[in-house]
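Enquirer: Below: one structure in structure tokens.
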Amino acid sequence: TKEKIKEMDEELERGVRTNHSLGQALNDKAHKIDNLNLEIKRQRGAIQEKERVIQLFVTDLEKLVTEVDPSYWRDAIRQLYRTYVKKGTKEPGARDVPDSMDEFARQREYMERSLETLKKRATKNEEAVKINNQKKAAEN
């Protein structure tokens, strides 16, 4: 009976150690799951930010492609380069993500260039109308 009690006591101790090690393994796995969930959240944020930059680039590129005036293209391409290619980065090809102030400045510059282009077109149209009116006046 003493042997049986001792045997049962040892079995109980083994069970407690096994439960303790299983509990520790379970806690480790839960901690690992939490860390992986945090990593997933961080990666999703990085993906969303990269998609935002890609969308900004596509929008800027579409504006450039739809521009009729070829003299505008050279400056616009340089602006695309300055905006989306970060010089001196550790990683080749890394992109500089414009913050809200950079985005505001970029849009302001674009609007200023668009305004200049519209002014030039308006001046050309006024000249054409003036010349056309002079021709009609000369015909009469």
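Identifiers in the structure tokens: chain A, B, ... in order shown; residue index from 1 per chain; ligand index from 1 in order shown.
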Skip stretch 55-72 of chain A itself and residues of its chain fewer than 2 positions away, then list as a PyMOL selection string all residues within 10 Å of it, counting only C-alpha atoms.
Expert: chain A and resi 49-53+74-77+79-80+83-84+97-98+103+106-107+110+113-114+117+121
Enquirer: Take the residues from that selection and put them in a file with N, CA, C and O atoms, as a compact mmCIF listing (two decimals), in the first residue's frame.
Expert:
# COMPACT_ATOMS: atom_id res chain seq x y z
N GLU A 49 -0.29 51.56 -47.30
CA GLU A 49 0.50 52.76 -47.59
C GLU A 49 1.13 52.66 -48.98
O GLU A 49 1.13 53.63 -49.74
N LYS A 50 1.63 51.49 -49.33
CA LYS A 50 2.22 51.31 -50.65
C LYS A 50 1.17 51.43 -51.74
O LYS A 50 1.43 52.02 -52.80
N GLU A 51 -0.02 50.90 -51.49
CA GLU A 51 -1.09 51.04 -52.47
C GLU A 51 -1.49 52.50 -52.64
O GLU A 51 -1.80 52.95 -53.73
N ARG A 52 -1.46 53.27 -51.54
CA ARG A 52 -1.77 54.70 -51.61
C ARG A 52 -0.74 55.42 -52.48
O ARG A 52 -1.10 56.23 -53.34
N VAL A 53 0.53 55.10 -52.28
CA VAL A 53 1.58 55.74 -53.07
C VAL A 53 1.44 55.35 -54.54
O VAL A 53 1.59 56.20 -55.43
N ARG A 74 8.50 67.40 -69.83
CA ARG A 74 9.85 67.29 -69.25
C ARG A 74 9.83 67.66 -67.77
O ARG A 74 10.33 66.92 -66.93
N ASP A 75 9.23 68.81 -67.46
CA ASP A 75 9.17 69.24 -66.06
C ASP A 75 8.30 68.29 -65.23
O ASP A 75 8.61 68.02 -64.07
N ALA A 76 7.23 67.81 -65.82
CA ALA A 76 6.34 66.91 -65.08
C ALA A 76 7.02 65.58 -64.77
O ALA A 76 6.85 65.04 -63.68
N ILE A 77 7.80 65.08 -65.71
CA ILE A 77 8.52 63.83 -65.47
C ILE A 77 9.57 64.03 -64.37
O ILE A 77 9.74 63.19 -63.50
N GLN A 79 9.32 66.16 -61.98
CA GLN A 79 8.55 66.27 -60.74
C GLN A 79 8.14 64.88 -60.25
O GLN A 79 8.19 64.60 -59.05
N LEU A 80 7.73 64.01 -61.17
CA LEU A 80 7.41 62.63 -60.78
C LEU A 80 8.62 61.97 -60.14
O LEU A 80 8.51 61.30 -59.12
N THR A 83 9.24 63.40 -56.68
CA THR A 83 8.20 63.03 -55.73
C THR A 83 8.30 61.56 -55.32
O THR A 83 8.15 61.25 -54.15
N TYR A 84 8.57 60.68 -56.27
CA TYR A 84 8.43 59.25 -55.98
C TYR A 84 9.75 58.49 -55.86
O TYR A 84 9.75 57.34 -55.45
N VAL A 97 7.47 58.27 -49.47
CA VAL A 97 6.04 58.42 -49.33
C VAL A 97 5.74 59.87 -48.98
O VAL A 97 6.17 60.37 -47.94
N PRO A 98 5.01 60.58 -49.85
CA PRO A 98 4.72 61.98 -49.56
C PRO A 98 3.73 62.10 -48.40
O PRO A 98 2.75 61.38 -48.35
N GLU A 103 2.01 66.38 -50.27
CA GLU A 103 0.91 66.15 -51.22
C GLU A 103 0.24 67.48 -51.56
O GLU A 103 -0.06 67.75 -52.72
N ARG A 106 2.53 69.37 -53.85
CA ARG A 106 2.53 68.75 -55.17
C ARG A 106 1.27 69.15 -55.95
O ARG A 106 1.35 69.52 -57.12
N GLN A 107 0.12 69.09 -55.29
CA GLN A 107 -1.12 69.47 -55.96
C GLN A 107 -1.13 70.96 -56.31
O GLN A 107 -1.61 71.33 -57.38
N TYR A 110 1.01 71.45 -59.33
CA TYR A 110 0.31 70.96 -60.51
C TYR A 110 -0.74 71.98 -60.96
O TYR A 110 -0.86 72.27 -62.16
N ARG A 113 0.93 74.92 -62.62
CA ARG A 113 1.35 74.60 -63.99
C ARG A 113 0.14 74.54 -64.93
O ARG A 113 0.20 75.01 -66.06
N SER A 114 -0.94 73.96 -64.43
CA SER A 114 -2.15 73.89 -65.25
C SER A 114 -2.68 75.29 -65.55
O SER A 114 -3.11 75.56 -66.68
N THR A 117 -0.56 76.84 -68.25
CA THR A 117 -0.89 76.26 -69.55
C THR A 117 -2.20 76.84 -70.08
O THR A 117 -2.30 77.19 -71.27
N ARG A 121 -2.83 79.02 -73.50
CA ARG A 121 -3.85 78.66 -74.49
C ARG A 121 -4.82 79.80 -74.72
O ARG A 121 -5.21 80.09 -75.86
